[in-house]
Amino acid sequence: MSNLYGDAMSYVPGQPIAAVVERVQIHKLQERNNLILGFSIGGGIDQDPGQNPFSENKSDKGIYVTRISPGGPADKAGLMMGDKIMQVNGYDMTMVTHDQARKKLTKKNEAVVRLLVTRKSLEEAVKQSMGVAPNCNTATRHY
Amino acid sequence: MDTESTHSGYSYSSRSGRSNRHGDRSRERHKASSSKDSSRSERSVVINPPDTPSQESPVHNGEPLPGEPTPDADHGDDGQDDNWGETTTAVTGTSELSLSQEEVVGLGKGIQDRTQGLRRYFPLVVGLCVGLLVVATPLVFLLLPVVMWPDRLQACGAACEGLFLSISFKLLILMVAIWALFLRPGRASLPRVCVYRAFLTTLTLLLTMSYWLFYGVRILDAQDEDYHGIVQFAVSLVDSQLFVHYLAVVLLELRQLQPCYSVCVIRSTDGESRHYNIGQLSVQRAALSILEYYYRDFPLHNPALLSASKHRAAKHLAGLKVYNVDAFKNKLRTYLLDTPGNAAGAQAANGNQSRAMVTAAAKRKDSAHNELYYEEADYERRVRKRKARLVVAVEEAFTHVRRMKKEDERAAPSDIMDVREAALAIFPSMARALQKYLRTTRRQHCHSMESIQKHLAFCLVNNMSPKAFLEAYLAPGPTLQYGPERWMADQWTLISEASVTSGIKEGTEFLLRCLDFSLAITIKSIPYIRITEEYIDPKSHKFILLLQSETSV
């Protein structure tokens with residue numbers, strides 16, 4: 001990563017973010033009247049970032065996955081606790097309020113959400129496999 | 001043990017207008033401090049016989065002391081400006097005749113006090129006379145019929161005798177009330193008579209006179225036999241007097257208690273200012289209460305701290321000289337062309353002259369601000385250094401003495417001292433550091449040696465810590481704390497555009513001037529405050545937590 005880009009886990013104002021992300025596709029499950037995804041989110045630009053247990057940089061106001069209900073759609077899709085959600089169906093999640101994030105995830109007319117999530121272990125994996133096999137499930141996105 | 005302590009007496013003669021007040025002061029004199037009666041010679045004022053041209057005789061409030069020949073009359077011609085600097089110094093250490101300061105003060109004050117005494121007790125005397133008249137009148141009303149026509153008088157029944165009881169108690173209450181309110185020595189002598197007091201005295205006398213008139217005409221002349229009616233008449237007089245006394249309490253004491261005005265008092269020399277709330281008062285009574293606050297709150301006026309700014313101000317304009325070019329041009333024109341000069345041009349030049357000086361002074365690159373900055377930094381450092389040494393010296397001195405306990409009774413009697421001796425014993429070890437500190441902060445004239453020893457004895461008796469002892473010397477205290485000879489302010493002049501017996505109003509300004517400085521006083525009224533109420537149901541306090549929410553999707 002070059003120095004011009006901010007780290008995904010932190011936010012440097014004015015700098016684009018480069019991150020290693022994983023594409024996660026979750027099919028919503030119909031439960032009574034709601035379509036649920038089976039995980040909980042925390043964070044947002046209107047929340048207190050210092051209380052986020054999963055972020056490395058305590059000024060990071062992004063949306064984090066705080067809990068996964070075991071056996072739910074998110075768990076089956078491979079979402080893990082502590083992931084930072086970067087995009088939902090093409091909508092940016094790095095600079096949204098908590099309520100906006102919730103709304104993007106719970107649109108009633110969408111049955112599938114495609115998330116781009118990042119976690120620390122992804123970067124390690126990319127560093128290790130750099131130059132070995134370009135064909136992976138991970139992609140590098142520039143924000 | 002003789003130790004030296006440096007102490008400079010405050011020169012009394014520098015009070016006169018002629019000597020250079022902020023210039024040289026008396027030189028410090030080294031004296032032995034162990035003898036208790038050395039106090040009298042510490043503050044000495046030296047009077048030279050007038051044939052020596054180098055001294056002036058001291059004066060008190062601008063008038064020469066009785067018995068001293070008037071100075072300056074003899075040597076008006078001699079001594080051109082060669083000796084000018086020396087002639088304005090007041091005190092040296094070498095002369096034949098010396099008086100101590102108390103004697104000098106006493107000479108002038110003896111004359112003043114006699115007139116003051118009369119003025120102080122005049123309201124007391126008036127109050128006493130009116131009170132006696134007021135108390136005696138009902139008794140006279142009751143006694144005169146019994147004395148003058150006892151045979152025709154109707155017997156006094158039970159109701160009438162009950163009224164005797166009432167009149168006696170009311171008279172007793174009236175006497176105590178008059179004593180409490182009026183028969184007090186005045187605390188100040190104001191320039192004009194208080195309007196309310198005059199009004200109340202007049203009202204009382206009017207009341208009494210009208211009752212006497214009625215009594216004289218309707219009862220004495222007619223020789224009324226109804227004693228019951230006469231007694232009731234006397235009781236009604238006492239009741240009226242009590243109501244007038246109630247009016248007096250309200251007008252003289254209660255009316256000024258509720259604060260209506262906010263007063264700002266600024267001292268002219270160093271800008272010390274305070275704010276007070278006072279009630280409805282006349283200008284002179286407001287000035288009186290402000291002066292009482294002054295003595296309590298304002299730190300002692302110290303002229304030694306004021307000389308620096310005057311020197312700076314003098315230096316600003318010292319180097320500039322104004323040349324009037326227009327006047328020169330006019331003169332040249334008249335000389336060369338023989339035409340009358342333009343007089344108006346010369347006058348306008350005078351107005352421009354001051355403006356030119358101001359702008360030139362502003363543009364001049366002088367380093368006065370630089371000097372001031374470094375001077376002040378240096379002064380702060382010196383004061384802190386001296387203070388550190390002083391604190392250490394005092395703490396060490398206090399460790400040498402402690403209260404005697406039970407087991408010390410067996411110690412040798414020469415070691416057991418009373419508090420005065422203990423103070424004298426530990427004083428020398430801190431005296432030098434204290435004198436140096438006071439000299440650095442220019443307050444050495446406020447504290448004499450025996451006042452320091454007295455304060456030390458006081459602190460030892462009351463088990464105070466060294467820091468408590470030192471606090472009196474680290475900061476200038478309120479003016480009242482020092483004796484009257486240090487106040488430099490006992491005769492005040494009230495300068496006011498409004499009449500001094502009129503009430504104070506918003507925007508009133510007046511000046512209280514004493515010899516060395518003045519207090520500028522401005523008055524603002526306290527705003528009319530509107531308070532409305534709003535009811536909040538205690539159950540309406542509900543809260544939600546916004547931060548760090550977690551939503552399930």
# chains A, B, ... in the order shown; residues from 1 in each chain; ligands from 1

$ interface_residues --of "chain A" --to "chain B" --cutoff "12 Å" --atoms "only C-alpha atoms" --output "VMD selection string"
chain A and resid 26 28 to 29 31 34 to 53 61 to 69 72 to 74 97 to 108 113

$ residues_around --residues "Ala433 of chain B" --least-positions-apart "4" --cutoff "10 Å" --atoms "only C-alpha atoms" --output "VMD selection string"
chain B and resid 5 386 to 394 428 to 429 437 to 439

$ write_last_selection --atoms "all heavy atoms" --output "short mmCIF file (atom, residue, chain, number, x, y, z; two decimals), in the first residue's frame"
data_model
loop_
_atom_site.label_atom_id
_atom_site.label_comp_id
_atom_site.auth_asym_id
_atom_site.auth_seq_id
_atom_site.Cartn_x
_atom_site.Cartn_y
_atom_site.Cartn_z
N SER B 5 18.81 46.11 62.37
CA SER B 5 17.71 45.97 61.42
C SER B 5 17.57 47.29 60.71
O SER B 5 17.65 48.35 61.31
CB SER B 5 16.42 45.61 62.13
OG SER B 5 15.93 46.72 62.81
N ARG B 386 13.66 37.11 47.21
CA ARG B 386 13.61 37.58 48.58
C ARG B 386 12.53 36.86 49.36
O ARG B 386 12.70 36.56 50.54
CB ARG B 386 13.34 39.09 48.61
CG ARG B 386 14.46 39.94 48.08
CD ARG B 386 15.47 40.22 49.16
NE ARG B 386 16.72 40.70 48.63
CZ ARG B 386 17.06 41.97 48.53
NH1 ARG B 386 16.22 42.89 48.93
NH2 ARG B 386 18.23 42.31 48.06
N LYS B 387 11.44 36.60 48.70
CA LYS B 387 10.34 35.94 49.38
C LYS B 387 10.75 34.52 49.79
O LYS B 387 10.43 34.08 50.90
CB LYS B 387 9.12 35.89 48.47
CG LYS B 387 7.93 35.28 49.14
CD LYS B 387 6.73 35.32 48.25
CE LYS B 387 5.69 34.37 48.78
NZ LYS B 387 4.61 34.17 47.89
N ALA B 388 11.48 33.85 48.89
CA ALA B 388 11.90 32.49 49.24
C ALA B 388 12.81 32.52 50.47
O ALA B 388 12.64 31.72 51.40
CB ALA B 388 12.63 31.86 48.05
N ARG B 389 13.75 33.46 50.48
CA ARG B 389 14.64 33.53 51.64
C ARG B 389 13.87 33.86 52.91
O ARG B 389 14.16 33.32 53.99
CB ARG B 389 15.69 34.63 51.41
CG ARG B 389 16.67 34.23 50.38
CD ARG B 389 17.91 35.09 50.41
NE ARG B 389 18.69 34.82 49.23
CZ ARG B 389 19.31 35.74 48.52
NH1 ARG B 389 19.24 37.00 48.87
NH2 ARG B 389 20.01 35.40 47.46
N LEU B 390 12.89 34.73 52.75
CA LEU B 390 12.10 35.14 53.91
C LEU B 390 11.31 33.96 54.47
O LEU B 390 11.28 33.74 55.68
CB LEU B 390 11.16 36.27 53.49
CG LEU B 390 10.15 36.72 54.53
CD1 LEU B 390 10.86 37.29 55.71
CD2 LEU B 390 9.23 37.74 53.92
N VAL B 391 10.69 33.21 53.57
CA VAL B 391 9.87 32.09 54.04
C VAL B 391 10.73 31.08 54.79
O VAL B 391 10.37 30.59 55.87
CB VAL B 391 9.15 31.44 52.85
CG1 VAL B 391 8.57 30.11 53.24
CG2 VAL B 391 8.07 32.35 52.34
N VAL B 392 11.91 30.83 54.25
CA VAL B 392 12.78 29.86 54.91
C VAL B 392 13.23 30.38 56.26
O VAL B 392 13.25 29.65 57.26
CB VAL B 392 13.98 29.56 53.98
CG1 VAL B 392 15.10 28.92 54.75
CG2 VAL B 392 13.54 28.67 52.85
N ALA B 393 13.57 31.66 56.30
CA ALA B 393 14.05 32.23 57.57
C ALA B 393 12.95 32.18 58.63
O ALA B 393 13.20 31.85 59.80
CB ALA B 393 14.50 33.68 57.35
N VAL B 394 11.72 32.51 58.23
CA VAL B 394 10.63 32.52 59.21
C VAL B 394 10.32 31.12 59.70
O VAL B 394 10.12 30.89 60.89
CB VAL B 394 9.38 33.18 58.59
CG1 VAL B 394 8.18 32.95 59.45
CG2 VAL B 394 9.62 34.66 58.42
N PRO B 428 15.21 38.40 65.81
CA PRO B 428 16.41 38.81 65.07
C PRO B 428 16.78 37.88 63.92
O PRO B 428 17.34 38.34 62.93
CB PRO B 428 17.51 38.82 66.13
CG PRO B 428 16.80 39.00 67.41
CD PRO B 428 15.51 38.28 67.25
N SER B 429 16.46 36.60 64.03
CA SER B 429 16.90 35.71 62.96
C SER B 429 16.10 35.93 61.69
O SER B 429 16.56 35.62 60.60
CB SER B 429 16.76 34.25 63.41
OG SER B 429 15.44 34.02 63.83
N TYR B 437 12.88 42.02 52.26
CA TYR B 437 11.69 41.79 51.44
C TYR B 437 10.81 43.02 51.41
O TYR B 437 10.31 43.42 50.36
CB TYR B 437 10.91 40.58 52.01
CG TYR B 437 9.68 40.30 51.23
CD1 TYR B 437 9.71 39.60 50.03
CD2 TYR B 437 8.44 40.75 51.68
CE1 TYR B 437 8.58 39.36 49.31
CE2 TYR B 437 7.30 40.52 50.95
CZ TYR B 437 7.37 39.83 49.77
OH TYR B 437 6.25 39.60 49.05
N LEU B 438 10.61 43.64 52.55
CA LEU B 438 9.75 44.82 52.58
C LEU B 438 10.35 45.95 51.78
O LEU B 438 9.66 46.73 51.13
CB LEU B 438 9.52 45.26 54.02
CG LEU B 438 8.59 44.38 54.84
CD1 LEU B 438 8.48 44.89 56.25
CD2 LEU B 438 7.22 44.33 54.21
N ARG B 439 11.68 46.02 51.82
CA ARG B 439 12.30 47.08 51.04
C ARG B 439 12.16 46.82 49.54
O ARG B 439 11.97 47.76 48.76
CB ARG B 439 13.78 47.18 51.41
CG ARG B 439 14.20 48.64 51.46
CD ARG B 439 15.63 48.85 51.73
NE ARG B 439 16.18 48.00 52.75
CZ ARG B 439 17.42 47.53 52.70
NH1 ARG B 439 18.19 47.83 51.68
NH2 ARG B 439 17.88 46.77 53.66
#

$ residues_around --residues "Glu506 of chain B" --least-positions-apart "3" --cutoff "6 Å" --atoms "only C-alpha atoms" --output "list of chain:residue names"
B:Ile523, B:Lys524, B:Ser525

$ closest_residue --among "B:Asn302, B:Thr269, B:Thr501, B:Thr137" --to "Pro476 of chain B" --atoms "only C-alpha atoms"
B:Asn302

$ residues_around --residues "Val195 of chain B" --least-positions-apart "3" --cutoff "12 Å" --atoms "only C-alpha atoms" --output "list of chain:residue names"
B:Leu190, B:Pro191, B:Arg192, B:Ala198, B:Phe199, B:Leu200, B:Thr201, B:Thr202, B:Ala248, B:Leu251, B:Leu252, B:Leu281, B:Ser282, B:Val283, B:Gln284, B:Arg285, B:Ser499, B:Val500, B:Thr501, B:Ser502, B:Gly503

$ write_last_selection --atoms "C-alpha atoms" --output "PDB file, in the first residue's frame"
ATOM      1  CA  LEU B 190     -20.861  65.587  57.318  1.00  0.00           C
ATOM      2  CA  PRO B 191     -20.777  68.881  55.488  1.00  0.00           C
ATOM      3  CA  ARG B 192     -24.497  69.540  55.759  1.00  0.00           C
ATOM      4  CA  ALA B 198     -33.912  67.982  60.753  1.00  0.00           C
ATOM      5  CA  PHE B 199     -37.367  67.014  59.527  1.00  0.00           C
ATOM      6  CA  LEU B 200     -37.913  64.618  62.411  1.00  0.00           C
ATOM      7  CA  THR B 201     -36.717  67.073  64.995  1.00  0.00           C
ATOM      8  CA  THR B 202     -39.041  69.695  63.570  1.00  0.00           C
ATOM      9  CA  ALA B 248     -37.630  57.978  62.499  1.00  0.00           C
ATOM     10  CA  LEU B 251     -36.493  57.021  57.542  1.00  0.00           C
ATOM     11  CA  LEU B 252     -33.096  56.901  59.177  1.00  0.00           C
ATOM     12  CA  LEU B 281     -29.138  57.643  50.422  1.00  0.00           C
ATOM     13  CA  SER B 282     -28.240  61.263  50.170  1.00  0.00           C
ATOM     14  CA  VAL B 283     -24.940  62.012  48.491  1.00  0.00           C
ATOM     15  CA  GLN B 284     -23.131  62.782  51.716  1.00  0.00           C
ATOM     16  CA  ARG B 285     -24.343  59.681  53.484  1.00  0.00           C
ATOM     17  CA  SER B 499     -26.315  69.137  46.206  1.00  0.00           C
ATOM     18  CA  VAL B 500     -24.881  66.863  48.861  1.00  0.00           C
ATOM     19  CA  THR B 501     -28.181  66.446  50.641  1.00  0.00           C
ATOM     20  CA  SER B 502     -30.003  65.358  47.508  1.00  0.00           C
ATOM     21  CA  GLY B 503     -30.515  61.674  46.950  1.00  0.00           C
TER      22      GLY B 503
END

$ residues_around --residues "Ala286 of chain B" --least-positions-apart "3" --cutoff "12 Å" --atoms "only C-alpha atoms" --output "PyMOL selection string"
chain B and resi 190+194+256-257+259+261-265+276-283+289-293+494+500-505+508-512+521-523

$ write_last_selection --atoms "C-alpha atoms" --output "PDB file, in the first residue's frame"
ATOM      1  CA  LEU B 190     -20.861  65.587  57.318  1.00  0.00           C
ATOM      2  CA  CYS B 194     -29.052  65.485  57.428  1.00  0.00           C
ATOM      3  CA  GLN B 256     -31.219  52.635  52.980  1.00  0.00           C
ATOM      4  CA  LEU B 257     -31.018  48.934  53.677  1.00  0.00           C
ATOM      5  CA  PRO B 259     -29.902  47.963  47.738  1.00  0.00           C
ATOM      6  CA  TYR B 261     -27.716  51.367  43.331  1.00  0.00           C
ATOM      7  CA  SER B 262     -24.433  49.874  42.363  1.00  0.00           C
ATOM      8  CA  VAL B 263     -21.462  52.070  43.074  1.00  0.00           C
ATOM      9  CA  CYS B 264     -18.077  51.921  41.402  1.00  0.00           C
ATOM     10  CA  VAL B 265     -15.204  53.404  43.389  1.00  0.00           C
ATOM     11  CA  TYR B 276     -20.681  48.036  46.171  1.00  0.00           C
ATOM     12  CA  ASN B 277     -24.431  47.925  46.415  1.00  0.00           C
ATOM     13  CA  ILE B 278     -26.045  50.655  48.456  1.00  0.00           C
ATOM     14  CA  GLY B 279     -29.591  51.796  48.986  1.00  0.00           C
ATOM     15  CA  GLN B 280     -31.360  55.102  48.759  1.00  0.00           C
ATOM     16  CA  LEU B 281     -29.138  57.643  50.422  1.00  0.00           C
ATOM     17  CA  SER B 282     -28.240  61.263  50.170  1.00  0.00           C
ATOM     18  CA  VAL B 283     -24.940  62.012  48.491  1.00  0.00           C
ATOM     19  CA  SER B 289     -20.655  54.543  53.725  1.00  0.00           C
ATOM     20  CA  ILE B 290     -18.326  54.353  50.746  1.00  0.00           C
ATOM     21  CA  LEU B 291     -15.518  55.678  52.904  1.00  0.00           C
ATOM     22  CA  GLU B 292     -16.257  53.068  55.523  1.00  0.00           C
ATOM     23  CA  TYR B 293     -15.978  50.423  52.813  1.00  0.00           C
ATOM     24  CA  LEU B 494     -16.611  65.787  48.917  1.00  0.00           C
ATOM     25  CA  VAL B 500     -24.881  66.863  48.861  1.00  0.00           C
ATOM     26  CA  THR B 501     -28.181  66.446  50.641  1.00  0.00           C
ATOM     27  CA  SER B 502     -30.003  65.358  47.508  1.00  0.00           C
ATOM     28  CA  GLY B 503     -30.515  61.674  46.950  1.00  0.00           C
ATOM     29  CA  ILE B 504     -28.250  59.687  44.684  1.00  0.00           C
ATOM     30  CA  LYS B 505     -29.573  58.832  41.274  1.00  0.00           C
ATOM     31  CA  THR B 508     -24.505  60.625  39.775  1.00  0.00           C
ATOM     32  CA  GLU B 509     -20.774  61.166  39.943  1.00  0.00           C
ATOM     33  CA  PHE B 510     -18.754  62.729  42.651  1.00  0.00           C
ATOM     34  CA  LEU B 511     -15.236  62.845  43.954  1.00  0.00           C
ATOM     35  CA  LEU B 512     -13.847  62.244  47.392  1.00  0.00           C
ATOM     36  CA  ILE B 521     -17.364  57.454  42.393  1.00  0.00           C
ATOM     37  CA  THR B 522     -19.990  56.653  39.793  1.00  0.00           C
ATOM     38  CA  ILE B 523     -23.442  55.348  40.485  1.00  0.00           C
TER      39      ILE B 523
END

$ select_by_dssp --residues "chain A" --states "helix (DSSP H, G or I)" --output "VMD selection string"
chain A and resid 49 to 51 73 to 77 98 to 105 120 to 128

$ closest_residue --among "A:Ala18, A:Leu79, A:Val12, A:Ile85" --to "Ser59 of chain A" --atoms "only C-alpha atoms"
A:Val12

$ residues_around --residues "Leu460 of chain B" --least-positions-apart "2" --cutoff "10 Å" --atoms "only C-alpha atoms" --output "JSON, numbers by chain"
{"B": [398, 401, 402, 403, 419, 420, 422, 423, 454, 455, 456, 457, 458, 462, 463, 464, 465, 466, 469]}

$ atom_distance --atom1 "atom CA of Lys405 of chain B" --atom2 "atom CA of Asp418 of chain B"
13.5 Å

$ atom_distance --atom1 "atom CA of Val147 of chain B" --atom2 "atom CA of Leu133 of chain B"
19.8 Å

$ closest_residue --among "A:Gly82, A:Gly14, A:Arg32, A:Ala77" --to "Ser121 of chain A" --atoms "only C-alpha atoms"
A:Gly82

$ select_by_dssp --residues "chain A" --states "strand (DSSP E)" --output "number ranges by chain"
A: 6-7, 17-27, 29-31, 34-36, 39-42, 63-68, 84-88, 91-92, 112-118, 138-142

$ atom_distance --atom1 "atom CA of Asp83 of chain A" --atom2 "atom CA of Pro13 of chain A"
21.7 Å
